[in-house]
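Undergrad: This is upload_2.txt, which holds compact mmCIF, N, CA and C atoms:
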```txt
# COMPACT_ATOMS: atom_id res chain seq x y z
N MET A 1 77.46 54.01 108.95
CA MET A 1 77.21 54.60 107.67
C MET A 1 78.18 55.76 107.46
N ALA A 2 78.89 55.77 106.35
CA ALA A 2 79.86 56.81 106.04
C ALA A 2 79.15 58.07 105.55
N THR A 3 79.70 59.20 105.92
CA THR A 3 79.16 60.47 105.48
C THR A 3 79.89 60.90 104.22
N SER A 4 79.12 61.26 103.21
CA SER A 4 79.70 61.73 101.96
C SER A 4 79.94 63.23 102.08
N ILE A 5 81.15 63.66 101.74
CA ILE A 5 81.49 65.06 101.82
C ILE A 5 81.67 65.60 100.41
N SER A 6 80.98 66.66 100.11
CA SER A 6 81.04 67.26 98.79
C SER A 6 82.07 68.39 98.80
N LEU A 7 83.09 68.26 97.96
CA LEU A 7 84.11 69.28 97.85
C LEU A 7 83.66 70.34 96.84
N PRO A 8 84.12 71.58 96.99
CA PRO A 8 83.72 72.63 96.05
C PRO A 8 84.19 72.33 94.62
N ALA A 9 83.42 72.79 93.65
CA ALA A 9 83.79 72.64 92.25
C ALA A 9 85.12 73.38 91.99
N LEU A 10 85.74 73.09 90.88
CA LEU A 10 87.07 73.62 90.57
C LEU A 10 87.14 75.15 90.59
N THR A 11 86.18 75.81 89.94
CA THR A 11 86.20 77.28 89.90
C THR A 11 86.01 77.85 91.30
N THR A 12 85.07 77.33 92.05
CA THR A 12 84.84 77.79 93.42
C THR A 12 86.08 77.57 94.27
N PHE A 13 86.67 76.39 94.17
CA PHE A 13 87.90 76.06 94.90
C PHE A 13 88.98 77.09 94.59
N THR A 14 89.18 77.39 93.32
CA THR A 14 90.23 78.32 92.91
C THR A 14 89.94 79.74 93.38
N GLU A 15 88.71 80.21 93.18
CA GLU A 15 88.36 81.57 93.61
C GLU A 15 88.48 81.75 95.12
N GLU A 16 88.01 80.77 95.88
CA GLU A 16 88.10 80.87 97.34
C GLU A 16 89.54 80.94 97.81
N HIS A 17 90.39 80.11 97.23
CA HIS A 17 91.79 80.09 97.65
C HIS A 17 92.54 81.34 97.22
N LEU A 18 92.29 81.81 96.00
CA LEU A 18 92.93 83.06 95.56
C LEU A 18 92.50 84.23 96.43
N SER A 19 91.22 84.30 96.77
CA SER A 19 90.74 85.36 97.66
C SER A 19 91.44 85.32 99.00
N ALA A 20 91.59 84.14 99.57
CA ALA A 20 92.25 84.00 100.87
C ALA A 20 93.71 84.46 100.79
N ILE A 21 94.39 84.13 99.71
CA ILE A 21 95.78 84.55 99.53
C ILE A 21 95.85 86.07 99.40
N LEU A 22 95.03 86.63 98.53
CA LEU A 22 95.10 88.06 98.26
C LEU A 22 94.64 88.92 99.44
N LYS A 23 93.75 88.39 100.27
CA LYS A 23 93.22 89.17 101.39
C LYS A 23 93.93 88.92 102.71
N ALA A 24 94.95 88.08 102.72
CA ALA A 24 95.68 87.79 103.96
C ALA A 24 96.30 89.06 104.51
N THR A 25 96.17 89.27 105.81
CA THR A 25 96.69 90.48 106.44
C THR A 25 97.91 90.23 107.33
N THR A 26 98.26 88.97 107.53
CA THR A 26 99.45 88.63 108.30
C THR A 26 100.23 87.56 107.55
N GLN A 27 101.49 87.40 107.92
CA GLN A 27 102.31 86.37 107.29
C GLN A 27 101.73 84.98 107.55
N GLY A 28 101.24 84.76 108.77
CA GLY A 28 100.65 83.47 109.11
C GLY A 28 99.43 83.14 108.27
N GLU A 29 98.53 84.12 108.09
CA GLU A 29 97.35 83.92 107.23
C GLU A 29 97.77 83.64 105.80
N PHE A 30 98.74 84.41 105.31
CA PHE A 30 99.20 84.22 103.94
C PHE A 30 99.79 82.83 103.75
N ASP A 31 100.68 82.43 104.66
CA ASP A 31 101.33 81.12 104.54
C ASP A 31 100.30 79.99 104.54
N ALA A 32 99.31 80.08 105.43
CA ALA A 32 98.28 79.04 105.50
C ALA A 32 97.46 79.00 104.21
N ALA A 33 97.08 80.17 103.70
CA ALA A 33 96.29 80.23 102.46
C ALA A 33 97.10 79.72 101.27
N PHE A 34 98.35 80.12 101.19
CA PHE A 34 99.23 79.69 100.10
C PHE A 34 99.42 78.17 100.13
N ASP A 35 99.74 77.63 101.30
CA ASP A 35 99.97 76.18 101.44
C ASP A 35 98.71 75.36 101.19
N ALA A 36 97.54 75.93 101.45
CA ALA A 36 96.29 75.22 101.21
C ALA A 36 95.89 75.23 99.73
N PHE A 37 96.59 76.02 98.93
CA PHE A 37 96.24 76.11 97.51
C PHE A 37 97.34 75.60 96.57
N VAL A 38 98.58 75.96 96.82
CA VAL A 38 99.67 75.64 95.89
C VAL A 38 100.47 74.45 96.41
N SER A 39 100.61 73.44 95.56
CA SER A 39 101.39 72.25 95.93
C SER A 39 102.86 72.61 96.12
N LYS A 40 103.50 71.93 97.05
CA LYS A 40 104.93 72.13 97.25
C LYS A 40 105.74 71.66 96.04
N ASP A 41 105.12 70.86 95.17
CA ASP A 41 105.77 70.37 93.95
C ASP A 41 105.28 71.09 92.70
N ALA A 42 104.59 72.21 92.88
CA ALA A 42 103.98 72.90 91.74
C ALA A 42 105.02 73.45 90.76
N THR A 43 104.63 73.44 89.51
CA THR A 43 105.37 74.14 88.46
C THR A 43 104.77 75.53 88.37
N ILE A 44 105.62 76.56 88.49
CA ILE A 44 105.14 77.94 88.54
C ILE A 44 105.72 78.74 87.37
N ILE A 45 104.83 79.43 86.66
CA ILE A 45 105.25 80.36 85.61
C ILE A 45 104.58 81.69 85.93
N LEU A 46 105.39 82.73 86.11
CA LEU A 46 104.90 84.06 86.43
C LEU A 46 105.36 85.02 85.34
N ASN A 47 104.39 85.62 84.66
CA ASN A 47 104.68 86.54 83.55
C ASN A 47 105.67 85.93 82.54
N GLY A 48 105.43 84.66 82.22
CA GLY A 48 106.21 83.98 81.20
C GLY A 48 107.52 83.38 81.65
N GLU A 49 107.88 83.54 82.91
CA GLU A 49 109.16 83.04 83.42
C GLU A 49 108.92 81.96 84.46
N ARG A 50 109.58 80.82 84.28
CA ARG A 50 109.47 79.75 85.28
C ARG A 50 110.27 80.15 86.51
N ILE A 51 109.61 80.08 87.68
CA ILE A 51 110.26 80.46 88.93
C ILE A 51 110.03 79.37 89.97
N SER A 52 110.79 79.44 91.06
CA SER A 52 110.67 78.46 92.13
C SER A 52 109.44 78.76 92.99
N LEU A 53 109.05 77.78 93.76
CA LEU A 53 107.93 77.96 94.69
C LEU A 53 108.25 79.08 95.68
N ALA A 54 109.47 79.12 96.18
CA ALA A 54 109.87 80.16 97.14
C ALA A 54 109.79 81.54 96.51
N GLU A 55 110.21 81.67 95.25
CA GLU A 55 110.13 82.96 94.56
C GLU A 55 108.67 83.38 94.36
N TYR A 56 107.82 82.43 94.03
CA TYR A 56 106.40 82.73 93.84
C TYR A 56 105.75 83.15 95.16
N HIS A 57 106.09 82.44 96.22
CA HIS A 57 105.59 82.77 97.56
C HIS A 57 105.94 84.22 97.89
N LYS A 58 107.19 84.58 97.66
CA LYS A 58 107.66 85.93 97.95
C LYS A 58 106.96 86.97 97.06
N ALA A 59 106.80 86.65 95.78
CA ALA A 59 106.17 87.59 94.84
C ALA A 59 104.71 87.86 95.21
N LEU A 60 104.00 86.83 95.65
CA LEU A 60 102.59 87.01 96.01
C LEU A 60 102.40 87.69 97.36
N SER A 61 103.32 87.46 98.29
CA SER A 61 103.11 88.00 99.64
C SER A 61 103.25 89.51 99.66
N GLY A 62 104.26 90.05 99.04
CA GLY A 62 104.39 91.48 98.84
C GLY A 62 104.33 92.40 100.05
N GLY A 63 104.24 91.89 101.24
CA GLY A 63 104.17 92.74 102.43
C GLY A 63 102.75 92.85 102.95
N PHE A 64 102.62 93.35 104.14
CA PHE A 64 101.31 93.38 104.78
C PHE A 64 100.95 94.78 105.27
N ASP A 65 101.30 95.77 104.44
CA ASP A 65 100.93 97.15 104.74
C ASP A 65 99.60 97.48 104.07
N VAL A 66 98.73 96.49 104.00
CA VAL A 66 97.46 96.60 103.28
C VAL A 66 96.32 96.90 104.25
N GLU A 67 95.51 97.87 103.88
CA GLU A 67 94.33 98.21 104.67
C GLU A 67 93.14 97.35 104.24
N SER A 68 92.97 97.19 102.92
CA SER A 68 91.87 96.37 102.41
C SER A 68 92.16 95.91 100.99
N VAL A 69 91.49 94.83 100.60
CA VAL A 69 91.60 94.30 99.24
C VAL A 69 90.19 93.95 98.77
N ASP A 70 89.83 94.48 97.62
CA ASP A 70 88.55 94.17 97.00
C ASP A 70 88.85 93.35 95.74
N VAL A 71 88.48 92.08 95.76
CA VAL A 71 88.76 91.18 94.64
C VAL A 71 87.49 90.98 93.83
N ARG A 72 87.60 91.17 92.52
CA ARG A 72 86.49 90.92 91.61
C ARG A 72 86.92 89.89 90.58
N PHE A 73 86.18 88.79 90.52
CA PHE A 73 86.44 87.76 89.52
C PHE A 73 85.63 88.12 88.28
N LEU A 74 86.32 88.34 87.19
CA LEU A 74 85.68 88.86 85.97
C LEU A 74 85.36 87.77 84.96
N GLY A 75 85.91 86.60 85.17
CA GLY A 75 85.61 85.50 84.26
C GLY A 75 86.33 84.24 84.70
N ALA A 76 85.75 83.11 84.32
CA ALA A 76 86.36 81.82 84.68
C ALA A 76 85.92 80.77 83.67
N VAL A 77 86.80 79.81 83.48
CA VAL A 77 86.48 78.64 82.66
C VAL A 77 87.14 77.45 83.34
N GLU A 78 86.45 76.33 83.33
CA GLU A 78 87.04 75.12 83.91
C GLU A 78 86.82 73.95 82.97
N VAL A 79 87.81 73.07 82.95
CA VAL A 79 87.73 71.85 82.16
C VAL A 79 88.12 70.69 83.07
N PRO A 80 87.12 69.93 83.54
CA PRO A 80 87.43 68.79 84.40
C PRO A 80 88.26 67.73 83.67
N THR A 81 89.13 67.07 84.42
CA THR A 81 89.92 65.98 83.88
C THR A 81 89.03 64.81 83.48
N ASP A 82 87.98 64.59 84.27
CA ASP A 82 87.06 63.48 84.08
C ASP A 82 85.65 64.04 83.95
N ALA A 83 84.95 63.67 82.92
CA ALA A 83 83.59 64.17 82.69
C ALA A 83 82.64 63.78 83.82
N GLU A 84 82.96 62.77 84.58
CA GLU A 84 82.12 62.30 85.67
C GLU A 84 82.32 63.08 86.97
N SER A 85 83.37 63.90 87.03
CA SER A 85 83.70 64.58 88.28
C SER A 85 84.28 65.95 88.00
N THR A 86 84.05 66.87 88.91
CA THR A 86 84.65 68.21 88.81
C THR A 86 85.68 68.41 89.91
N GLN A 87 86.33 67.36 90.33
CA GLN A 87 87.28 67.45 91.44
C GLN A 87 88.71 67.69 91.00
N ALA A 88 89.01 67.48 89.71
CA ALA A 88 90.36 67.73 89.19
C ALA A 88 90.21 68.26 87.78
N GLY A 89 91.18 69.09 87.37
CA GLY A 89 91.13 69.62 86.03
C GLY A 89 91.84 70.96 85.93
N ALA A 90 91.58 71.66 84.82
CA ALA A 90 92.20 72.95 84.57
C ALA A 90 91.18 74.07 84.79
N VAL A 91 91.67 75.18 85.35
CA VAL A 91 90.82 76.34 85.62
C VAL A 91 91.56 77.59 85.15
N GLY A 92 90.83 78.45 84.46
CA GLY A 92 91.35 79.76 84.09
C GLY A 92 90.51 80.81 84.78
N ILE A 93 91.15 81.74 85.45
CA ILE A 93 90.46 82.79 86.21
C ILE A 93 91.04 84.14 85.79
N PHE A 94 90.17 85.11 85.57
CA PHE A 94 90.60 86.47 85.31
C PHE A 94 90.06 87.33 86.45
N LEU A 95 90.93 88.14 87.07
CA LEU A 95 90.49 88.93 88.21
C LEU A 95 91.13 90.30 88.23
N GLN A 96 90.48 91.19 88.96
CA GLN A 96 91.04 92.48 89.32
C GLN A 96 90.92 92.63 90.82
N ALA A 97 91.96 93.19 91.41
CA ALA A 97 91.93 93.46 92.85
C ALA A 97 92.34 94.91 93.07
N LEU A 98 91.55 95.61 93.84
CA LEU A 98 91.89 96.96 94.24
C LEU A 98 92.48 96.86 95.65
N VAL A 99 93.75 97.19 95.75
CA VAL A 99 94.48 97.06 97.01
C VAL A 99 94.68 98.45 97.60
N THR A 100 94.09 98.69 98.76
CA THR A 100 94.24 99.96 99.46
C THR A 100 95.29 99.77 100.54
N LEU A 101 96.35 100.56 100.44
CA LEU A 101 97.45 100.44 101.39
C LEU A 101 97.22 101.33 102.61
N LYS A 102 97.89 101.00 103.70
CA LYS A 102 97.83 101.84 104.90
C LYS A 102 98.56 103.16 104.67
N LEU A 103 99.45 103.17 103.71
CA LEU A 103 100.23 104.35 103.36
C LEU A 103 99.31 105.47 102.89
N ARG A 104 99.54 106.67 103.40
CA ARG A 104 98.76 107.84 103.01
C ARG A 104 99.69 108.84 102.31
N GLU A 105 99.20 109.39 101.22
CA GLU A 105 99.93 110.45 100.52
C GLU A 105 98.95 111.56 100.20
N GLU A 106 99.34 112.79 100.51
CA GLU A 106 98.51 113.96 100.27
C GLU A 106 97.10 113.77 100.82
N GLY A 107 97.02 113.18 102.01
CA GLY A 107 95.76 113.02 102.70
C GLY A 107 94.91 111.85 102.27
N GLY A 108 95.33 111.11 101.26
CA GLY A 108 94.51 110.00 100.79
C GLY A 108 95.26 108.69 100.81
N ALA A 109 94.51 107.62 100.76
CA ALA A 109 95.09 106.28 100.75
C ALA A 109 95.70 105.99 99.38
N VAL A 110 96.79 105.27 99.37
CA VAL A 110 97.42 104.82 98.13
C VAL A 110 96.72 103.53 97.71
N GLN A 111 96.34 103.47 96.43
CA GLN A 111 95.66 102.29 95.91
C GLN A 111 96.38 101.75 94.68
N ASN A 112 96.46 100.44 94.61
CA ASN A 112 97.01 99.75 93.45
C ASN A 112 95.93 98.86 92.86
N GLN A 113 95.85 98.83 91.53
CA GLN A 113 94.94 97.91 90.86
C GLN A 113 95.76 96.78 90.27
N VAL A 114 95.45 95.57 90.70
CA VAL A 114 96.12 94.37 90.20
C VAL A 114 95.17 93.70 89.21
N THR A 115 95.66 93.45 88.00
CA THR A 115 94.90 92.72 87.00
C THR A 115 95.68 91.46 86.72
N SER A 116 94.99 90.32 86.79
CA SER A 116 95.71 89.06 86.72
C SER A 116 94.89 87.95 86.08
N SER A 117 95.59 87.11 85.37
CA SER A 117 95.01 85.91 84.79
C SER A 117 95.75 84.72 85.39
N PHE A 118 94.99 83.80 85.97
CA PHE A 118 95.56 82.58 86.55
C PHE A 118 95.06 81.39 85.76
N ASN A 119 95.98 80.56 85.30
CA ASN A 119 95.62 79.27 84.74
C ASN A 119 96.26 78.23 85.65
N VAL A 120 95.44 77.37 86.21
CA VAL A 120 95.94 76.37 87.17
C VAL A 120 95.45 74.98 86.79
N VAL A 121 96.24 74.01 87.15
CA VAL A 121 95.83 72.61 87.04
C VAL A 121 95.67 72.10 88.46
N ILE A 122 94.44 71.69 88.77
CA ILE A 122 94.10 71.23 90.12
C ILE A 122 94.05 69.70 90.12
N ALA A 123 94.71 69.10 91.10
CA ALA A 123 94.69 67.64 91.24
C ALA A 123 94.93 67.29 92.71
N GLU A 124 94.63 66.05 93.06
CA GLU A 124 94.93 65.60 94.41
C GLU A 124 96.44 65.53 94.56
N ASP A 125 96.95 66.12 95.63
CA ASP A 125 98.38 66.18 95.89
C ASP A 125 98.76 65.04 96.83
N PRO A 126 99.60 64.10 96.36
CA PRO A 126 99.97 62.96 97.19
C PRO A 126 100.76 63.34 98.44
N ARG A 127 101.31 64.55 98.48
CA ARG A 127 102.09 64.98 99.64
C ARG A 127 101.23 65.51 100.78
N VAL A 128 99.94 65.74 100.52
CA VAL A 128 99.05 66.28 101.55
C VAL A 128 98.68 65.14 102.52
N GLY A 129 98.77 65.41 103.79
CA GLY A 129 98.52 64.41 104.82
C GLY A 129 97.11 63.85 104.80
N HIS A 130 96.96 62.66 105.34
CA HIS A 130 95.67 61.94 105.32
C HIS A 130 94.62 62.59 106.22
N THR A 131 95.04 63.49 107.10
CA THR A 131 94.06 64.13 107.99
C THR A 131 93.41 65.36 107.35
N VAL A 132 93.89 65.77 106.19
CA VAL A 132 93.35 66.94 105.50
C VAL A 132 92.18 66.49 104.63
N LEU A 133 91.05 67.17 104.77
CA LEU A 133 89.84 66.80 104.05
C LEU A 133 90.00 66.98 102.54
N ASP A 134 90.40 68.16 102.10
CA ASP A 134 90.54 68.44 100.67
C ASP A 134 92.02 68.40 100.31
N LYS A 135 92.41 67.34 99.64
CA LYS A 135 93.82 67.13 99.31
C LYS A 135 94.20 67.76 97.97
N ARG A 136 93.27 68.44 97.33
CA ARG A 136 93.56 69.06 96.04
C ARG A 136 94.46 70.29 96.22
N ARG A 137 95.34 70.47 95.25
CA ARG A 137 96.22 71.64 95.22
C ARG A 137 96.44 72.03 93.77
N ALA A 138 96.90 73.25 93.57
CA ALA A 138 97.31 73.69 92.25
C ALA A 138 98.68 73.06 91.97
N MET A 139 98.70 72.18 91.00
CA MET A 139 99.94 71.47 90.65
C MET A 139 100.73 72.25 89.60
N VAL A 140 100.03 73.06 88.82
CA VAL A 140 100.64 73.95 87.83
C VAL A 140 99.96 75.31 87.98
N VAL A 141 100.75 76.37 88.05
CA VAL A 141 100.23 77.73 88.10
C VAL A 141 100.93 78.53 87.01
N ASN A 142 100.12 79.13 86.14
CA ASN A 142 100.64 80.03 85.11
C ASN A 142 99.89 81.34 85.29
N GLN A 143 100.58 82.35 85.80
CA GLN A 143 99.95 83.63 86.11
C GLN A 143 100.58 84.75 85.29
N VAL A 144 99.71 85.58 84.73
CA VAL A 144 100.13 86.81 84.07
C VAL A 144 99.50 87.93 84.88
N THR A 145 100.32 88.88 85.32
CA THR A 145 99.81 89.91 86.22
C THR A 145 100.50 91.24 86.01
N THR A 146 99.77 92.29 86.30
CA THR A 146 100.32 93.64 86.27
C THR A 146 99.67 94.44 87.39
N THR A 147 100.43 95.39 87.94
CA THR A 147 99.93 96.26 89.00
C THR A 147 100.11 97.70 88.55
N VAL A 148 99.02 98.49 88.68
CA VAL A 148 99.05 99.90 88.31
C VAL A 148 98.60 100.72 89.51
N ARG A 149 99.36 101.75 89.82
CA ARG A 149 98.99 102.64 90.91
C ARG A 149 97.81 103.50 90.47
N LYS A 150 96.77 103.56 91.30
CA LYS A 150 95.55 104.27 90.96
C LYS A 150 95.58 105.75 91.28
N ASN A 151 96.44 106.18 92.21
CA ASN A 151 96.48 107.61 92.56
C ASN A 151 97.89 108.04 92.86
```
I need this file expressed as structure tokens, please.

TA:
Amino acid sequence: MATSISLPALTTFTEEHLSAILKATTQGEFDAAFDAFVSKDATIILNGERISLAEYHKALSGGFDVESVDVRFLGAVEVPTDAESTQAGAVGIFLQALVTLKLREEGGAVQNQVTSSFNVVIAEDPRVGHTVLDKRRAMVVNQVTTTVRKN
């Protein structure tokens, strides 16, 4: 008898993967989280400009001088490709992240507030190996983001 495995809904899938990317504390963690979410064939638009996957990878990684990241998801909408399933479709996520750096100035931690909107198209990625349980990836990423120093 085969075991049925239930994959997370589109919004949950997107939020979990974005959290893993944003909270990664090492290059290895970041690379694994990024590769588990963004397809190697993804179309990427960042702040209105189409960029390569490598450029997007670099823009998101930003270094690992981070002490902590608090991510708050402020809103989400999802539209499944098929009314019968929530395994593929479009997701829009709005989030804020408070990033506390290890850097100290005038006795206090430096903090940046990241405000970002992600619109992604999630689908099964044919390039993902057969041994991977969840073959879904973001095939299209359109992100609008800004970072403001808090102190």

Undergrad: Just how far from atom C of Gln111 (chain A) is atom N of Ser39 (chain A), in Å to one decimal?

TA: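 Atom-to-atom, atom N of Ser39 (chain A) to atom C of Gln111 (chain A), that is 28.6 Å.
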
Undergrad: With distances taken over all atoms listed in the file, which of A:Ile5, A:Val132, A:Leu95, A:Leu10 is nearest to Pro80 (chain A)?

TA: A:Leu10

Undergrad: Out of region 4-107 of chain A, which residues get strand (DSSP E) from DSSP, as a ChimeraX atom specification?

TA: /A:38-46,49-51,66-82,85-105

Undergrad: With a distance cut-off of 8 Å and all atoms listed in the file, select the neighbouring residues of Ser61 (chain A), excluding the residue or stretch itself and same-chain residues fewer than 5 positions from it, and output the selection as a count of residues only.

TA: 6

Undergrad: Can you list, as a PyMOL selection string, every protein, DNA or RNA residue that comes within 6.5 Å of region 73-77 of chain A when you count all atoms listed in the file, leaving out same-chain residues fewer than 3 positions away?

TA: chain A and resi 90-96
